[in-house]
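Engineer: To be precise about what I am sending: the file is called final-v3.cif and holds mmCIF, C-alpha atoms.
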```cif
data_input
loop_
_atom_site.label_atom_id
_atom_site.label_comp_id
_atom_site.auth_asym_id
_atom_site.auth_seq_id
_atom_site.Cartn_x
_atom_site.Cartn_y
_atom_site.Cartn_z
CA MET S 1 23.24 -14.30 44.81
CA MET S 2 20.42 -16.75 45.47
CA ARG S 3 18.00 -13.84 45.47
CA ILE S 4 19.27 -12.72 42.06
CA GLY S 5 18.87 -16.29 40.77
CA ILE S 6 15.28 -16.47 42.01
CA ILE S 7 14.47 -13.11 40.38
CA LEU S 8 16.06 -14.28 37.10
CA PHE S 9 14.09 -17.55 37.23
CA LEU S 10 10.83 -15.72 37.85
CA THR S 11 11.61 -13.28 35.04
CA LEU S 12 12.29 -16.10 32.58
CA LEU S 13 9.11 -17.85 33.75
CA ALA S 14 7.11 -14.67 33.16
CA ILE S 15 8.64 -14.25 29.70
CA SER S 16 7.84 -17.89 28.93
CA ASP S 17 4.24 -17.35 30.07
CA ILE S 18 3.96 -14.22 27.92
CA GLU S 19 5.30 -16.07 24.87
CA CYS S 20 2.91 -18.95 25.55
CA ILE S 21 -0.03 -16.57 25.84
CA ALA S 22 1.07 -14.80 22.63
CA GLN S 23 1.24 -18.13 20.79
CA ILE S 24 -2.22 -19.12 22.03
CA ALA S 25 -3.61 -15.70 21.05
CA SER S 26 -2.00 -15.98 17.62
CA ARG S 27 -3.40 -19.49 17.17
CA ASN S 28 -6.86 -18.35 18.25
CA GLN S 29 -6.67 -15.42 15.86
CA ARG S 30 -5.82 -17.76 12.99
CA ARG S 31 -8.74 -19.95 13.99
CA SER S 32 -11.08 -16.95 13.78
CA GLU S 33 -9.75 -15.73 10.42
CA ILE S 34 -11.91 -16.30 7.36
CA ALA S 35 -10.65 -19.10 5.12
CA THR S 36 -12.27 -19.40 1.70
CA GLY S 37 -13.27 -22.76 0.31
CA ALA S 38 -10.33 -22.64 -2.10
CA ASP S 39 -7.85 -21.99 0.72
CA GLN S 40 -8.90 -25.17 2.53
CA THR S 41 -7.12 -27.54 0.15
CA ASP S 42 -7.11 -30.32 2.76
CA LYS S 43 -10.88 -30.57 2.35
CA TYR S 44 -11.00 -31.13 -1.42
CA LEU S 45 -7.60 -31.89 -2.95
CA SER S 46 -7.97 -35.67 -2.56
CA TYR S 47 -11.40 -35.39 -4.22
CA LEU S 48 -9.80 -33.85 -7.33
CA LYS S 49 -6.93 -36.33 -7.61
CA GLY S 50 -7.17 -38.61 -10.63
CA LYS S 51 -10.09 -36.67 -12.16
CA ARG S 52 -10.19 -34.55 -15.30
CA ILE S 53 -11.22 -31.14 -14.00
CA GLY S 54 -13.18 -28.37 -15.67
CA LEU S 55 -12.68 -25.14 -13.73
CA VAL S 56 -14.96 -22.08 -13.79
CA ALA S 57 -12.65 -19.31 -12.66
CA ASN S 58 -11.36 -15.79 -13.17
CA GLN S 59 -8.67 -13.56 -11.65
CA SER S 60 -10.44 -13.67 -8.24
CA SER S 61 -9.99 -17.45 -8.08
CA VAL S 62 -6.94 -17.74 -5.87
CA ILE S 63 -5.42 -19.99 -3.25
CA GLY S 64 -3.71 -17.52 -0.97
CA ARG S 65 -2.58 -14.93 -3.51
CA ARG S 66 -1.80 -17.37 -6.33
CA SER S 67 -4.15 -18.28 -9.19
CA ILE S 68 -6.06 -21.46 -8.43
CA VAL S 69 -5.14 -22.76 -11.89
CA ASP S 70 -1.44 -22.35 -11.24
CA SER S 71 -1.75 -23.74 -7.70
CA LEU S 72 -3.75 -26.85 -8.60
CA THR S 73 -1.65 -27.75 -11.63
CA SER S 74 1.50 -27.48 -9.49
CA LEU S 75 -0.14 -29.92 -7.03
CA GLY S 76 -0.69 -32.50 -9.77
CA ILE S 77 -4.37 -31.78 -10.48
CA LYS S 78 -5.31 -32.29 -14.14
CA ILE S 79 -7.23 -29.23 -15.34
CA VAL S 80 -8.37 -29.91 -18.89
CA LYS S 81 -10.37 -26.69 -19.43
CA VAL S 82 -10.98 -23.36 -17.76
CA PHE S 83 -14.31 -21.60 -18.29
CA GLY S 84 -14.16 -17.82 -17.94
CA PRO S 85 -17.14 -15.50 -17.18
CA GLU S 86 -17.56 -11.78 -18.02
CA HIS S 87 -14.18 -9.94 -18.11
CA GLY S 88 -12.38 -13.18 -19.08
CA PHE S 89 -10.27 -15.66 -17.12
CA ARG S 90 -7.50 -13.18 -16.30
CA GLY S 91 -10.07 -10.40 -15.65
CA ASN S 92 -8.74 -7.89 -18.17
CA ALA S 93 -11.77 -7.45 -20.46
CA SER S 94 -14.03 -4.40 -20.22
CA ASN S 95 -17.60 -4.63 -18.92
CA GLY S 96 -19.88 -6.15 -21.55
CA ALA S 97 -16.99 -6.95 -23.92
CA VAL S 98 -17.31 -10.18 -25.89
CA VAL S 99 -14.46 -12.49 -24.85
CA GLY S 100 -13.46 -15.27 -27.24
CA ASN S 101 -12.02 -18.71 -26.59
CA GLU S 102 -8.25 -18.86 -26.27
CA ILE S 103 -5.29 -20.80 -24.92
CA ASP S 104 -3.91 -19.56 -21.62
CA ALA S 105 -0.38 -18.38 -22.37
CA LYS S 106 0.93 -19.34 -18.94
CA THR S 107 -0.41 -22.90 -18.65
CA GLY S 108 -1.42 -23.90 -22.18
CA ILE S 109 -4.88 -24.84 -20.90
CA PRO S 110 -7.84 -24.07 -23.22
CA ILE S 111 -9.99 -21.17 -22.00
CA ILE S 112 -13.69 -21.32 -22.92
CA SER S 113 -15.57 -18.03 -22.68
CA LEU S 114 -18.96 -18.14 -20.96
CA TYR S 115 -19.83 -14.55 -21.81
CA GLY S 116 -21.47 -13.64 -25.11
CA LYS S 117 -23.14 -16.23 -27.32
CA ASN S 118 -21.73 -19.27 -25.46
CA GLN S 119 -23.12 -18.57 -21.97
CA LYS S 120 -23.52 -22.24 -21.08
CA PRO S 121 -20.99 -25.09 -21.46
CA ASN S 122 -22.17 -27.48 -24.16
CA LYS S 123 -22.07 -31.26 -24.33
CA GLU S 124 -18.87 -31.35 -26.38
CA GLN S 125 -17.06 -29.00 -23.99
CA LEU S 126 -17.99 -31.21 -21.03
CA ALA S 127 -17.33 -34.58 -22.71
CA ASP S 128 -13.77 -35.00 -21.39
CA ILE S 129 -14.50 -33.62 -17.90
CA ASP S 130 -15.10 -35.80 -14.83
CA LEU S 131 -15.78 -32.99 -12.34
CA MET S 132 -16.62 -29.30 -12.67
CA VAL S 133 -15.25 -26.86 -10.08
CA PHE S 134 -16.67 -23.36 -9.57
CA ASP S 135 -14.55 -20.76 -7.78
CA ILE S 136 -15.46 -17.13 -8.47
CA GLN S 137 -15.78 -14.16 -6.12
CA ASP S 138 -19.26 -12.61 -6.16
CA VAL S 139 -20.47 -9.32 -4.65
CA GLY S 140 -24.09 -10.21 -3.88
CA CYS S 141 -26.08 -8.26 -6.49
CA ARG S 142 -28.66 -9.51 -8.96
CA TYR S 143 -27.09 -7.40 -11.70
CA TYR S 144 -23.58 -8.78 -11.16
CA THR S 145 -23.47 -11.52 -13.80
CA ASN S 146 -21.52 -14.22 -11.93
CA ILE S 147 -24.76 -15.72 -10.58
CA ASN S 148 -26.05 -15.98 -14.16
CA THR S 149 -22.91 -17.92 -15.07
CA LEU S 150 -23.49 -20.12 -12.01
CA GLU S 151 -26.99 -21.04 -13.18
CA TYR S 152 -25.87 -21.85 -16.71
CA VAL S 153 -23.02 -24.03 -15.42
CA MET S 154 -25.34 -25.85 -13.02
CA GLU S 155 -27.84 -26.42 -15.82
CA ALA S 156 -25.13 -27.83 -18.09
CA CYS S 157 -23.83 -30.10 -15.34
CA ALA S 158 -27.32 -31.42 -14.60
CA GLU S 159 -28.01 -32.11 -18.29
CA ASN S 160 -24.70 -33.93 -18.75
CA ASN S 161 -24.61 -35.80 -15.43
CA LYS S 162 -21.59 -33.93 -14.09
CA GLU S 163 -21.08 -33.06 -10.43
CA LEU S 164 -20.27 -29.46 -9.53
CA LEU S 165 -17.86 -28.71 -6.68
CA ILE S 166 -18.22 -25.15 -5.37
CA LEU S 167 -15.34 -23.57 -3.49
CA ASP S 168 -17.35 -21.00 -1.60
CA ARG S 169 -16.25 -17.41 -0.92
CA PRO S 170 -17.67 -14.71 1.39
CA ASN S 171 -20.15 -12.21 0.00
CA PRO S 172 -18.85 -8.76 1.04
CA ASN S 173 -22.43 -7.45 0.85
CA ALA S 174 -24.05 -10.42 2.58
CA TYR S 175 -25.30 -8.20 5.41
CA VAL S 176 -27.91 -6.55 3.17
CA VAL S 177 -31.03 -8.00 1.52
CA ASP S 178 -32.72 -5.03 -0.07
CA GLY S 179 -34.37 -3.50 -3.11
CA PRO S 180 -37.38 -4.44 -5.19
CA VAL S 181 -37.85 -8.11 -6.08
CA MET S 182 -38.02 -8.89 -9.79
CA THR S 183 -41.31 -10.69 -10.43
CA ASP S 184 -42.10 -10.16 -14.13
CA ASP S 185 -40.43 -12.02 -17.01
CA LYS S 186 -40.38 -8.87 -19.14
CA PHE S 187 -37.62 -7.49 -16.90
CA LYS S 188 -35.37 -10.51 -17.43
CA SER S 189 -32.08 -9.72 -19.18
CA ALA S 190 -28.35 -10.44 -19.15
CA ILE S 191 -28.14 -8.29 -16.00
CA GLY S 192 -30.97 -10.02 -14.17
CA ILE S 193 -32.49 -13.49 -14.59
CA HIS S 194 -33.47 -14.33 -11.02
CA TYR S 195 -36.54 -13.42 -8.96
CA THR S 196 -34.55 -11.93 -6.11
CA PRO S 197 -34.13 -8.46 -4.63
CA MET S 198 -31.33 -6.30 -6.00
CA THR S 199 -29.07 -7.58 -3.19
CA HIS S 200 -29.73 -11.19 -2.18
CA GLY S 201 -27.39 -11.62 0.80
CA MET S 202 -26.10 -15.08 -0.18
CA THR S 203 -22.74 -16.58 -1.02
CA ILE S 204 -22.24 -18.45 -4.30
CA GLY S 205 -22.67 -21.75 -2.45
CA GLU S 206 -25.90 -20.61 -0.86
CA PHE S 207 -27.17 -19.21 -4.15
CA ALA S 208 -26.45 -22.55 -5.85
CA GLN S 209 -28.64 -24.30 -3.27
CA TYR S 210 -31.32 -21.66 -3.89
CA LEU S 211 -31.22 -22.32 -7.65
CA ASN S 212 -31.52 -26.06 -7.06
CA GLY S 213 -34.29 -25.75 -4.51
CA GLU S 214 -36.45 -23.10 -6.17
CA GLY S 215 -36.85 -24.84 -9.52
CA TYR S 216 -34.64 -22.64 -11.68
CA LEU S 217 -33.21 -25.79 -13.29
CA LYS S 218 -35.16 -28.43 -15.22
CA GLU S 219 -33.28 -31.06 -13.23
CA GLN S 220 -31.24 -30.59 -10.08
CA CYS S 221 -27.48 -30.27 -10.23
CA LYS S 222 -25.42 -32.59 -8.03
CA LEU S 223 -23.55 -30.22 -5.69
CA LYS S 224 -20.63 -30.51 -3.31
CA ILE S 225 -19.79 -27.29 -1.43
CA ILE S 226 -16.61 -26.50 0.48
CA LYS S 227 -17.82 -23.92 3.00
CA VAL S 228 -15.98 -20.80 4.08
CA ALA S 229 -14.43 -21.27 7.53
CA ASN S 230 -15.02 -18.84 10.41
CA TYR S 231 -17.61 -16.84 8.50
CA ASP S 232 -21.08 -15.40 9.02
CA HIS S 233 -23.12 -12.93 6.97
CA ASP S 234 -22.36 -9.99 9.24
CA LYS S 235 -18.59 -10.49 9.20
CA PRO S 236 -16.79 -7.81 7.15
CA TYR S 237 -14.62 -9.20 4.37
CA VAL S 238 -11.99 -7.28 2.41
CA LEU S 239 -11.53 -8.85 -1.02
CA PRO S 240 -7.90 -9.88 -1.64
CA ILE S 241 -8.32 -9.56 -5.44
CA ASN S 242 -10.45 -7.10 -7.42
CA PRO S 243 -13.50 -9.07 -8.62
CA SER S 244 -13.68 -7.13 -11.91
CA PRO S 245 -11.87 -4.21 -13.60
CA ASN S 246 -14.37 -1.57 -12.44
CA LEU S 247 -14.54 -2.83 -8.87
CA ASN S 248 -10.94 -1.92 -8.15
CA THR S 249 -11.25 -0.83 -4.51
CA GLN S 250 -13.04 -2.15 -1.43
CA GLN S 251 -14.99 1.13 -1.35
CA ALA S 252 -16.29 0.43 -4.86
CA VAL S 253 -17.29 -3.13 -3.89
CA MET S 254 -19.31 -1.86 -0.94
CA LEU S 255 -20.92 1.01 -2.88
CA PHE S 256 -21.64 -1.10 -5.97
CA PRO S 257 -25.18 -2.19 -4.94
CA SER S 258 -26.19 1.47 -4.53
CA LEU S 259 -24.27 3.06 -7.41
CA CYS S 260 -24.88 0.45 -10.10
CA MET S 261 -28.51 1.62 -10.07
CA PHE S 262 -27.32 4.69 -11.99
CA GLU S 263 -26.54 2.68 -15.10
CA GLY S 264 -29.39 3.33 -17.48
CA THR S 265 -29.68 6.94 -16.28
CA ALA S 266 -28.05 10.19 -17.42
CA ILE S 267 -25.55 9.90 -14.56
CA ASN S 268 -22.03 8.56 -15.00
CA GLU S 269 -21.07 6.32 -12.08
CA GLY S 270 -17.32 6.70 -12.43
CA ARG S 271 -16.78 4.47 -15.44
CA GLY S 272 -14.07 6.00 -17.58
CA THR S 273 -12.05 6.95 -14.48
CA TYR S 274 -9.82 5.04 -12.09
CA MET S 275 -12.45 5.66 -9.39
CA PRO S 276 -15.44 3.68 -10.72
CA PHE S 277 -18.45 3.18 -8.44
CA THR S 278 -17.18 5.74 -5.95
CA ILE S 279 -18.19 8.93 -7.80
CA LEU S 280 -21.33 10.14 -9.58
CA GLY S 281 -21.89 12.99 -12.00
CA ALA S 282 -23.10 14.46 -15.26
CA PRO S 283 -22.31 17.61 -17.31
CA ALA S 284 -25.85 18.92 -16.75
CA LEU S 285 -25.18 19.21 -13.00
CA LYS S 286 -22.62 21.99 -13.48
CA GLY S 287 -23.17 24.75 -10.93
CA LYS S 288 -25.02 22.42 -8.55
CA TYR S 289 -22.01 20.48 -7.26
CA PRO S 290 -18.39 21.65 -6.85
CA PHE S 291 -16.84 18.20 -7.38
CA SER S 292 -15.96 17.44 -11.01
CA TYR S 293 -14.16 14.82 -13.13
CA LYS S 294 -13.85 13.81 -16.80
CA PRO S 295 -14.60 10.24 -17.97
CA VAL S 296 -12.30 9.03 -20.74
CA SER S 297 -11.80 5.78 -22.64
CA ILE S 298 -9.76 3.34 -20.54
CA PRO S 299 -8.90 0.05 -22.29
CA GLY S 300 -9.69 -2.95 -20.11
CA MET S 301 -12.09 -0.94 -17.97
CA SER S 302 -14.51 1.25 -19.97
CA GLU S 303 -13.92 2.11 -23.60
CA LYS S 304 -17.18 4.03 -24.08
CA PRO S 305 -18.26 5.49 -20.72
CA ASN S 306 -21.32 7.68 -20.36
CA HIS S 307 -20.36 11.35 -21.04
CA LYS S 308 -16.98 10.35 -22.46
CA ASP S 309 -14.55 13.33 -22.64
CA SER S 310 -17.05 15.68 -20.95
CA VAL S 311 -16.61 17.23 -17.51
CA CYS S 312 -19.11 15.78 -15.03
CA TYR S 313 -20.27 17.38 -11.77
CA GLY S 314 -21.71 15.51 -8.81
CA LEU S 315 -20.92 13.46 -5.72
CA ASP S 316 -17.55 12.25 -4.48
CA LEU S 317 -18.16 9.16 -2.32
CA ARG S 318 -14.59 7.89 -2.08
CA ASN S 319 -14.49 8.72 1.62
CA TYR S 320 -18.11 7.88 2.41
CA ASP S 321 -18.36 5.94 5.67
CA ILE S 322 -19.38 2.42 4.65
CA ALA S 323 -20.29 1.68 8.26
CA LYS S 324 -23.47 3.71 7.65
CA LEU S 325 -24.59 1.17 5.06
CA ARG S 326 -23.82 -1.70 7.39
CA GLU S 327 -25.73 -0.05 10.21
CA SER S 328 -28.79 0.59 8.04
CA ARG S 329 -28.64 -2.82 6.31
CA GLN S 330 -29.92 -1.05 3.21
CA ILE S 331 -28.71 0.08 -0.16
CA ASN S 332 -28.55 3.88 -0.38
CA LEU S 333 -31.57 5.18 -2.27
CA SER S 334 -31.15 8.83 -1.31
CA TRP S 335 -28.39 9.49 -3.87
CA LEU S 336 -30.66 8.39 -6.73
CA ILE S 337 -33.51 10.60 -5.50
CA GLU S 338 -31.15 13.53 -4.89
CA LEU S 339 -29.55 13.48 -8.34
CA TYR S 340 -32.90 13.02 -10.08
CA ASN S 341 -34.24 16.08 -8.25
CA ALA S 342 -31.09 18.06 -9.10
CA TYR S 343 -31.05 17.06 -12.77
CA PRO S 344 -32.47 19.88 -14.92
CA ASP S 345 -33.79 17.75 -17.81
CA LYS S 346 -35.86 15.24 -15.87
CA ALA S 347 -37.61 13.94 -18.97
CA HIS S 348 -34.31 12.43 -20.10
CA PHE S 349 -32.89 11.28 -16.77
CA PHE S 350 -34.02 7.65 -17.25
CA THR S 351 -33.78 7.44 -21.04
CA GLN S 352 -30.06 6.78 -21.53
CA GLY S 353 -29.33 3.45 -23.22
CA ARG S 354 -32.86 2.16 -23.68
CA ALA S 355 -32.87 -1.61 -24.06
CA ASN S 356 -35.93 -1.81 -26.31
CA GLN S 357 -39.19 -0.01 -26.98
CA ASP S 358 -40.99 -1.32 -23.91
CA VAL S 359 -38.40 -1.62 -21.13
CA SER S 360 -35.67 0.89 -20.29
CA ALA S 361 -32.15 -0.14 -19.33
CA PHE S 362 -32.80 1.27 -15.86
CA ASP S 363 -35.89 -0.90 -15.38
CA LEU S 364 -33.98 -4.00 -16.48
CA ARG S 365 -31.29 -3.30 -13.90
CA ILE S 366 -33.78 -2.66 -11.09
CA GLY S 367 -36.05 -5.55 -12.14
CA THR S 368 -39.23 -3.46 -12.21
CA ASP S 369 -40.55 -0.18 -13.62
CA GLN S 370 -42.13 0.73 -10.27
CA LEU S 371 -39.07 2.48 -8.81
CA ARG S 372 -38.64 4.73 -11.85
CA LYS S 373 -42.31 5.71 -11.73
CA GLN S 374 -42.15 6.35 -7.97
CA ILE S 375 -39.15 8.67 -8.28
CA ILE S 376 -40.75 10.60 -11.12
CA ALA S 377 -43.94 10.94 -9.06
CA GLY S 378 -41.99 12.27 -6.06
CA VAL S 379 -42.83 9.38 -3.73
CA SER S 380 -40.82 9.61 -0.50
CA GLU S 381 -37.96 7.21 0.22
CA ALA S 382 -39.86 5.84 3.21
CA ASP S 383 -42.90 5.01 1.09
CA ILE S 384 -40.74 3.51 -1.67
CA ARG S 385 -39.10 1.23 0.87
CA LYS S 386 -42.48 0.33 2.31
CA SER S 387 -43.57 -0.85 -1.14
CA TRP S 388 -40.58 -3.24 -1.24
CA GLU S 389 -41.40 -4.94 2.06
CA PRO S 390 -43.93 -7.61 0.97
CA GLY S 391 -41.55 -8.95 -1.66
CA LEU S 392 -38.54 -8.73 0.63
CA GLN S 393 -40.25 -10.58 3.49
CA LYS S 394 -41.35 -13.36 1.14
CA PHE S 395 -37.87 -13.69 -0.33
CA LYS S 396 -36.16 -13.68 3.08
CA ALA S 397 -38.32 -16.60 4.21
CA ILE S 398 -37.33 -18.56 1.08
CA ARG S 399 -33.66 -17.57 1.45
CA MET S 400 -33.50 -18.96 5.00
CA LYS S 401 -33.84 -22.50 3.67
CA TYR S 402 -30.56 -22.32 1.79
CA LEU S 403 -28.21 -20.50 4.13
CA LEU S 404 -24.95 -22.22 5.06
CA TYR S 405 -23.84 -19.56 7.54
CA PRO S 406 -25.46 -17.73 10.48
#
```
The structure in this file should be written as C-alpha cells.
Structural biologist:
Amino acid sequence: MMRIGIILFLTLLAISDIECIAQIASRNQRRSEIATGADQTDKYLSYLKGKRIGLVANQSSVIGRRSIVDSLTSLGIKIVKVFGPEHGFRGNASNGAVVGNEIDAKTGIPIISLYGKNQKPNKEQLADIDLMVFDIQDVGCRYYTNINTLEYVMEACAENNKELLILDRPNPNAYVVDGPVMTDDKFKSAIGIHYTPMTHGMTIGEFAQYLNGEGYLKEQCKLKIIKVANYDHDKPYVLPINPSPNLNTQQAVMLFPSLCMFEGTAINEGRGTYMPFTILGAPALKGKYPFSYKPVSIPGMSEKPNHKDSVCYGLDLRNYDIAKLRESRQINLSWLIELYNAYPDKAHFFTQGRANQDVSAFDLRIGTDQLRKQIIAGVSEADIRKSWEPGLQKFKAIRMKYLLYP
C-alpha cells in the first residue's frame, strides 16, 4: 500500500512539474510574441487621459481585433476627430478614390479625409486637438501612400505646435531594402515623394524619425513613439487586418513590392479580381501562358481595372514560396523582365496610363526612368541590380541612424 502511495505521489509530482513547465513555456512564448504599439495600452493610456485626441487611423488600426477608435472611446479617451488616409477610415474605398469628410456612423466622431485635395490637416482642423495619434499599418514601400500621409501629418503638427504620438506596427517587408533610389524631383508624385528605394525596410516609427532627421520638414515634429515589443526586422509578421482592399491576403502583402511595379504597364496585376497582387496577365499574352482570368469591376476594390472584362493570360503566383524572397532579401525583378520579353507589342508595354508628356506612370512608380530604359535595352538583371547598389548603400547608411529595432 505504501508503495502504491509513493508511486501516486511521484506521479502527481511529475504531473505538477509538467504543468509548471507548460506554464513557464506558455509565459515565455507570450513574452516572445510581437505586441504592436497599440496593443501595449499600459504604455500610453495614461498619456492620453484628459487630452483631446486627434487620431490618424484606418481599418488596420486595432487593439487586439477591435478598432482603436471603439477601444479608446470605451476606455474614456476623448477622440474629437479621426483623420483617414487613402481607402477611408473604415478601409472600404477603392484605390485612388476621392474620400470625402463624414461622420462615423458607429461613434458619431467626425472623419476628416486626408486623401485627395486635403492631404494635410489644416490649422482649423487641429485647433481643438491637444495630441495627435498615428496608428496605421504600413507595408514598407515608397509607393504605398501611408508614408506620404505620415509626412503631411508631421508637417501639420510641427507648424501648429502639436505633439505626435506614434503607435508603431511591424513592417511585414522590413527584411528587404531594395530597388532604385528616387533622386530627381521630376519623379515625385502622389505615389512617391521620398528619396528612398522602392522598399525602405522601416516601420512607421522609424520612418517618422527619418523624416525628422533628413530635413523633409521645415521644422521638426515633436514625436513620442510606442515601440513594437519583441520585434526585429527579420521577424515574420502576419497582418491581423488587411491594410487595404487590394491587399486582402498575406501573400499579396508579401508580393506587393514586386507586383506593384506592373502598374503603369500593359500588365494587369490582379486588380478587378479577388486575387489582387498575386496574379499577373494581359490579353496579348494568350498562347504564351496557360493560366487565365478576367478582371471585372469590383466596387470597393477596383472599379476600372486594366483590361476590364477581357481575359488575361499570365502568371499565377498565389502559391509562390515567399521564403524565396526572404532568402534573397530582394524584390523579384525577373517577372517584370519575363513578361516584357513575352509581350508581343513591346512599344506599348510601358505606355499604359501615362502621367504626363515627360514622365510615364511606370517611371513615377519606380522613381526613375533608368529601369524602363534598361529593360528595353535588354540589360541583364544582374547588371540592373549592380546599377542600384551605390544608391542603396548610401541609403542604408542613412537608414541605420533611425532604426528602433535590430
Engineer: Carefully work through the PyMOL selection byres ((chain S and resi 65) around 12) for this structure and note down the residues it includes, as number ranges by chain.
Structural biologist: S: 36, 38-39, 59-64, 66-71, 239-242
Engineer: Could you expand the PyMOL selection byres ((chain S and resi 320) around 12) into the explicit residues it covers here, written as a ChimeraX atom specification?
Structural biologist: /S:250-252,254-255,277-279,315-319,321-325,332
Engineer: Env of Tyr293 (chain S): 10 Å cut, atoms = all atoms listed in the file, seq-sep filter 2 positions within chain, self excluded. Answer as a VMD selection string.
Structural biologist: chain S and resid 270 272 to 273 279 to 283 291 295 to 296 309 to 314 316
Engineer: Care to translate the PyMOL selection byres ((chain S and resi 167) around 6) into actual residues of this file, as a PyMOL selection string?
Structural biologist: chain S and resi 37-38+135+166+168+226
Engineer: Can you tell me how far CA of Asp184 (chain S) sits from CA of Tyr143 (chain S), in Å to one decimal?
Structural biologist: 15.5 Å
Engineer: When you draw a straight line from CA of Tyr47 (chain S) to CA of Tyr152 (chain S), how long is it in Å?
Structural biologist: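 According to the coordinates, CA of Tyr47 (chain S) and CA of Tyr152 (chain S) are separated by 23.4 Å.
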Engineer: How would you write as an MDAnalysis selection string the residues that get within 9 Å of (-22.0, -19.9, 5.4) in the file's frame, counting only C-alpha atoms?
Structural biologist: chainID S and resid 168:170 202:203 205:206 227:233 403:406
Engineer: Might you pull out every residue within 9 Å of Arg372 (chain S), with only C-alpha atoms counted and same-chain residues fewer than 6 positions away left off, and present them as an NGL selection string?
Structural biologist: :S and (350 or 362-363 or 366)
Engineer: For Glu33 (chain S), which residue out of S:Tyr402, S:Tyr115, S:Tyr237, S:Phe256 is the nearest one, using all atoms listed in the file?
Structural biologist: S:Tyr237
Engineer: May I have the residues within 7 Å of region 189-192 of chain S as a list of chain:residue names, using all atoms listed in the file and disregarding those fewer than 3 positions away in the same chain?
Structural biologist: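 Selected residues are S:Arg142, S:Tyr143, S:Tyr144, S:Thr145, S:Leu364, S:Arg365.
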Engineer: Please report the interatomic distance between CA of Ala208 (chain S) and CA of Asn146 (chain S) in Å with one decimal.
Structural biologist: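 So the answer is 11.4 Å.
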Engineer: Find the residues with any atom within 12 Å of (-20.5, -25.3, -21.1); use all atoms listed in the file and the coordinates as given in the file, and write the answer as number ranges by chain.
Structural biologist: S: 54-56, 81-85, 111-115, 117-129, 132, 149-160, 162
Engineer: Given the choices S:Pro299, S:Pro290, S:Pro344, S:Gly179, which gets closest to Leu371 (chain S) if the distance is worked out from all atoms listed in the file?
Structural biologist: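 Between S:Pro299, S:Pro290, S:Pro344, S:Gly179, the residue approaching Leu371 (chain S) most closely is S:Gly179.
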Engineer: With all atoms listed in the file as the atoms that count, which of S:Met198, S:Leu285, S:Val379, S:Ile225 lies nearest to Thr183 (chain S)?
Structural biologist: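 Checking each of S:Met198, S:Leu285, S:Val379, S:Ile225 against Thr183 (chain S), counting all atoms listed in the file, the winner is S:Met198.
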Engineer: Please write C-alpha atoms of region 322-335 of chain S, from the structure given just now, as a short mmCIF file (atom, residue, chain, number, x, y, z; two decimals), in the first residue's frame.
Structural biologist:
```
data_model
loop_
_atom_site.label_atom_id
_atom_site.label_comp_id
_atom_site.auth_asym_id
_atom_site.auth_seq_id
_atom_site.Cartn_x
_atom_site.Cartn_y
_atom_site.Cartn_z
CA ILE S 322 7.55 33.70 -50.16
CA ALA S 323 10.54 32.21 -48.35
CA LYS S 324 12.49 32.69 -51.60
CA LEU S 325 12.02 36.45 -51.32
CA ARG S 326 13.10 36.42 -47.70
CA GLU S 327 16.18 34.38 -48.52
CA SER S 328 17.20 36.68 -51.37
CA ARG S 329 16.34 39.90 -49.47
CA GLN S 330 15.30 41.33 -52.82
CA ILE S 331 12.18 42.28 -54.70
CA ASN S 332 11.57 39.96 -57.65
CA LEU S 333 12.68 41.66 -60.86
CA SER S 334 12.61 38.55 -63.05
CA TRP S 335 8.82 38.61 -63.51
#
```
